[in-house]
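Student: Below are the structure tokens for one structure; questions will follow.
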Amino acid sequence: MLSPAHPMVLATLLGTSLSLPISFAHAAPEMMPSHNASQSELVNRGAYVARQADCMGCHKEDYSGGVAVEAPMGTIYATNITPSIKYGIGNYTEQDFKKALTKGKSPTHHLYPAMPYPDYNAMTDEDISALFAYFQTVPAVDEAPEHKTQLPFPFNIRTVMLGWNIVNMPKWQARDGLNDTQKYGQYLVDNLAHCGTCHTPRNATLGYDMNKYLSGSMLGNWYAPNITPDASSGIGSWSEAEIVTYLRQGKIHQKAVASGPMNEVVYNTNSKK
């Protein structure tokens with residue numbers, strides 16, 4: 001597996017996407033997934049996966065949930081994903097965890113795609129196992145988020161998501177002709193980092209318009225820009241060094257500055273060893 005610090009991997013990651021919730025970058029949190037010599041290799045891999053999937057963006061740094069995601073059908077609140085038995089995922093098996101991540105189905109109900117399971121659908125079993133192992137090590141928060149998702153009819157009928165999934169679940173395929181680094185970069189962009197969540201326009205059913213994948217989209221009051229290789233409107237003129245700098249520092253002198261939610265994503269997803 002490539003090191004998360006590999007520059008070519010970072011260069012493919014510009015689509016680390018703006019997190020859906022608009023909660024700005026803030027002071028260093030008490031908890032942030034990172035490499036720790038006292039942890040197993042699997043748990044350390046899971047900490048890296050948690051960063052690149054930006055789990056903190058919706059579930060907070062302690063994974064207690066409660067962040068509001070403003071969607072066209074109403075406000076969706078992220079849940080507690082700590083190992084709390086009563087309020088979190090403490091009763092989940094690894095298979096339960098995988099189904100939630102890749103199918104949008106918890107043991108008790110269907111999830112809304114504010115949780116980007118359409119992208120996580122192609123996560124590798126290895127990364128899912130690592131992420132599950134990591135979440136077993138975080139402190140349990142034994143309380144529910146302050147707010148609970150209560151959407152209006154008919155969106156409050158969660159089984160409606162069965163039909164939405166049939167229509168809108170992307171069919172992810174590895175592109176031909178890519179070397180190993182580029183293949184891993186595609187995996188980060190398409191799946192683990194779920195760049196399309198913010199940078200891809202939506203169709204009439206609020207699924208991805210795959211004909212305009214990563215071409216830029218409005219997200220509330222923010223615009224997630226075109227991150228395709230288009231030389232004029234996208235990032236085709238950016239050098240590898242500029243992309244790496246932007247992802248690590250959130251800015252390129254006289255060229256780009258990560259603002260709003262993307263600023264938080266830059267902060268959350270930078271791995272520290």
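So you can find residues: chains in the structure tokens are A, B, ... in the order shown, residues in each start at 1, and ligands are numbered from 1 in order.
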As a PyMOL selection string, please: all residues of range 31-250 of chain A that backbone DSSP puts in alpha helix (DSSP H).
Tutor: chain A and resi 41-52+55-59+94-103+117-120+125-135+160-168+180-187+196-199+240-249
Student: List the neighbours of Met218 in chain A out to 10 Å using only C-alpha atoms; skip same-chain residues closer than 4 positions along the sequence, and give me the result as an MDAnalysis selection string.
Tutor: chainID A and resid 198:202 222:225
Student: With only C-alpha atoms as the counted atoms, please give the residues lying no more than 10 Å from Asn165 in chain A, apart from itself and same-chain residues fewer than 2 positions off, as a ChimeraX atom specification.
Tutor: /A:103-104,112-113,117-118,160-163,167-170,207
Student: How would you write, as a list of chain:residue names, the set of residues in range 55-237 of chain A that DSSP gives as strand (DSSP E)?
Tutor: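 Put together, the selection reads A:Ala68, A:Val69, A:Glu70, A:Ala71, A:Gly74, A:Thr75, A:Ile76, A:Tyr77, A:Ser217, A:Met218, A:Leu219, A:Trp222, A:Tyr223, A:Ala224.
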Student: Pick from A:Ile243, A:Val43, A:Met56, A:Ile76: nearest to Val265 in chain A, with only C-alpha atoms counted?
Tutor: A:Met56
Student: Applying 9 Å and only C-alpha atoms, which residues near Arg45 in chain A remain after dropping the ones on its own chain fewer than 4 positions away? List them as a list of chain:residue names.
Tutor: A:His35, A:Ser40, A:Glu41, A:Val49, A:Ala50, A:Asp127, A:Ala130, A:Leu131, A:Tyr134
Student: Write out, as a short mmCIF file (atom, residue, chain, number, x, y, z; two decimals), in the first residue's frame, the residues just selected, with all heavy atoms.
Tutor:
data_model
loop_
_atom_site.label_atom_id
_atom_site.label_comp_id
_atom_site.auth_asym_id
_atom_site.auth_seq_id
_atom_site.Cartn_x
_atom_site.Cartn_y
_atom_site.Cartn_z
N HIS A 35 -0.99 8.40 13.28
CA HIS A 35 -0.14 7.23 13.49
C HIS A 35 0.37 7.24 14.93
O HIS A 35 0.78 8.27 15.45
CB HIS A 35 1.02 7.27 12.51
CG HIS A 35 1.89 6.06 12.56
ND1 HIS A 35 2.89 5.90 13.50
CD2 HIS A 35 1.92 4.94 11.79
CE1 HIS A 35 3.48 4.75 13.30
NE2 HIS A 35 2.92 4.14 12.28
N SER A 40 -1.68 -1.01 16.62
CA SER A 40 -1.34 -2.03 15.64
C SER A 40 -1.27 -1.41 14.25
O SER A 40 -1.77 -0.31 14.00
CB SER A 40 -2.40 -3.14 15.65
OG SER A 40 -3.62 -2.66 15.12
N GLU A 41 -0.64 -2.12 13.35
CA GLU A 41 -0.55 -1.64 11.96
C GLU A 41 -1.95 -1.45 11.37
O GLU A 41 -2.20 -0.50 10.64
CB GLU A 41 0.26 -2.63 11.13
CG GLU A 41 0.45 -2.21 9.67
CD GLU A 41 1.29 -3.19 8.87
OE1 GLU A 41 1.94 -4.06 9.49
OE2 GLU A 41 1.29 -3.09 7.63
N VAL A 49 -7.22 6.02 7.07
CA VAL A 49 -8.47 5.94 6.29
C VAL A 49 -9.49 6.94 6.84
O VAL A 49 -10.19 7.62 6.07
CB VAL A 49 -9.03 4.50 6.32
CG1 VAL A 49 -10.42 4.44 5.69
CG2 VAL A 49 -8.09 3.55 5.58
N ALA A 50 -9.58 7.05 8.16
CA ALA A 50 -10.53 8.00 8.76
C ALA A 50 -10.22 9.42 8.35
O ALA A 50 -11.13 10.23 8.12
CB ALA A 50 -10.50 7.87 10.29
N ASP A 127 -9.48 -1.64 3.65
CA ASP A 127 -9.67 -0.33 4.28
C ASP A 127 -10.87 -0.33 5.22
O ASP A 127 -10.85 0.34 6.27
CB ASP A 127 -9.85 0.75 3.20
CG ASP A 127 -8.52 1.22 2.63
OD1 ASP A 127 -7.47 0.81 3.15
OD2 ASP A 127 -8.54 2.01 1.67
N ALA A 130 -9.73 -1.99 8.40
CA ALA A 130 -8.85 -1.10 9.15
C ALA A 130 -9.64 0.00 9.84
O ALA A 130 -9.40 0.33 11.01
CB ALA A 130 -7.81 -0.50 8.21
N LEU A 131 -10.61 0.58 9.12
CA LEU A 131 -11.41 1.64 9.70
C LEU A 131 -12.24 1.12 10.87
O LEU A 131 -12.36 1.79 11.92
CB LEU A 131 -12.33 2.24 8.63
CG LEU A 131 -13.09 3.51 9.00
CD1 LEU A 131 -12.15 4.64 9.37
CD2 LEU A 131 -14.00 3.94 7.84
N TYR A 134 -10.00 0.74 13.82
CA TYR A 134 -9.67 2.04 14.41
C TYR A 134 -10.82 2.54 15.28
O TYR A 134 -10.60 3.03 16.40
CB TYR A 134 -9.36 3.05 13.31
CG TYR A 134 -9.33 4.48 13.82
CD1 TYR A 134 -8.32 4.91 14.67
CD2 TYR A 134 -10.34 5.37 13.49
CE1 TYR A 134 -8.31 6.21 15.17
CE2 TYR A 134 -10.34 6.67 13.98
CZ TYR A 134 -9.32 7.07 14.82
OH TYR A 134 -9.33 8.35 15.32
#
Student: For CA of His59 in chain A and CA of Thr205 in chain A, determine how far apart the two atoms are, in Å to one decimal place.
Tutor: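 Separation of CA of His59 in chain A and CA of Thr205 in chain A: 25.6 Å.
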Student: Excluding Asn91 in chain A and residues on its chain fewer than 3 positions from it, collect all residues at most 12 Å away from it, counting only C-alpha atoms, and give them as a PyMOL selection string.
Tutor: chain A and resi 81-88+94-97+106-108+136+140
Student: With a distance cut-off of 8 Å and only C-alpha atoms, select the neighbouring residues of Asn121 in chain A, excluding the residue or stretch itself and same-chain residues fewer than 5 positions from it, and output the selection as a compact mmCIF listing (two decimals) with all heavy atoms, in the first residue's frame.
Tutor:
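Dumped everything to out-v8.txt:
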# COMPACT_ATOMS: atom_id res chain seq x y z
N LEU A 101 -21.43 1.40 5.39
CA LEU A 101 -20.50 2.17 4.58
C LEU A 101 -20.78 2.05 3.09
O LEU A 101 -20.69 3.04 2.36
CB LEU A 101 -19.06 1.71 4.83
CG LEU A 101 -18.29 2.32 6.00
CD1 LEU A 101 -16.91 1.68 6.08
CD2 LEU A 101 -18.14 3.82 5.84
N THR A 102 -21.07 0.86 2.63
CA THR A 102 -21.13 0.62 1.19
C THR A 102 -22.53 0.48 0.62
O THR A 102 -22.72 0.63 -0.59
CB THR A 102 -20.34 -0.65 0.84
OG1 THR A 102 -20.95 -1.79 1.46
CG2 THR A 102 -18.89 -0.54 1.31
N LYS A 103 -23.51 0.21 1.48
CA LYS A 103 -24.89 0.03 1.00
C LYS A 103 -25.86 1.04 1.59
O LYS A 103 -27.02 1.10 1.18
CB LYS A 103 -25.39 -1.38 1.34
CG LYS A 103 -24.51 -2.50 0.80
CD LYS A 103 -24.46 -2.52 -0.71
CE LYS A 103 -23.61 -3.70 -1.21
NZ LYS A 103 -23.46 -3.67 -2.70
N ASN A 191 -13.61 7.30 -4.39
CA ASN A 191 -14.22 6.53 -3.32
C ASN A 191 -13.86 7.02 -1.93
O ASN A 191 -14.68 7.63 -1.25
CB ASN A 191 -13.87 5.05 -3.49
CG ASN A 191 -14.16 4.54 -4.88
OD1 ASN A 191 -13.28 3.99 -5.54
ND2 ASN A 191 -15.38 4.73 -5.37
Student: What does the distance between CA of Gly236 in chain A and CA of Gly185 in chain A come to in Å, to one decimal place?
Tutor: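 Value for the CA of Gly236 in chain A-CA of Gly185 in chain A distance: 16.0 Å.
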Student: Choose the residue, out of A:Ala78, A:Met210, A:Leu111, A:Ala100, that has the smallest atom-to-atom separation from Gly66 in chain A; count only C-alpha atoms.
Tutor: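 Ranked by minimum distance to Gly66 in chain A, first place goes to A:Ala78.
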Student: Excluding Tyr77 in chain A and its own-chain neighbours fewer than 2 positions away, which residues fall within 7 Å of it when counting only C-alpha atoms? Please give them as a short mmCIF file (atom, residue, chain, number, x, y, z; two decimals) with C-alpha atoms, in the first residue's frame.
Tutor:
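around33.cif was written with the following content:
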data_model
loop_
_atom_site.label_atom_id
_atom_site.label_comp_id
_atom_site.auth_asym_id
_atom_site.auth_seq_id
_atom_site.Cartn_x
_atom_site.Cartn_y
_atom_site.Cartn_z
CA GLY A 66 -24.60 16.10 15.56
CA VAL A 67 -23.23 18.13 12.65
CA ALA A 68 -26.05 19.45 10.45
CA VAL A 69 -26.01 18.65 6.73
CA THR A 75 -31.60 18.95 7.53
CA THR A 79 -24.97 10.23 14.09
CA HIS A 147 -30.52 16.89 17.25
CA LYS A 148 -32.06 14.00 15.37
CA THR A 149 -32.91 13.82 11.67
#
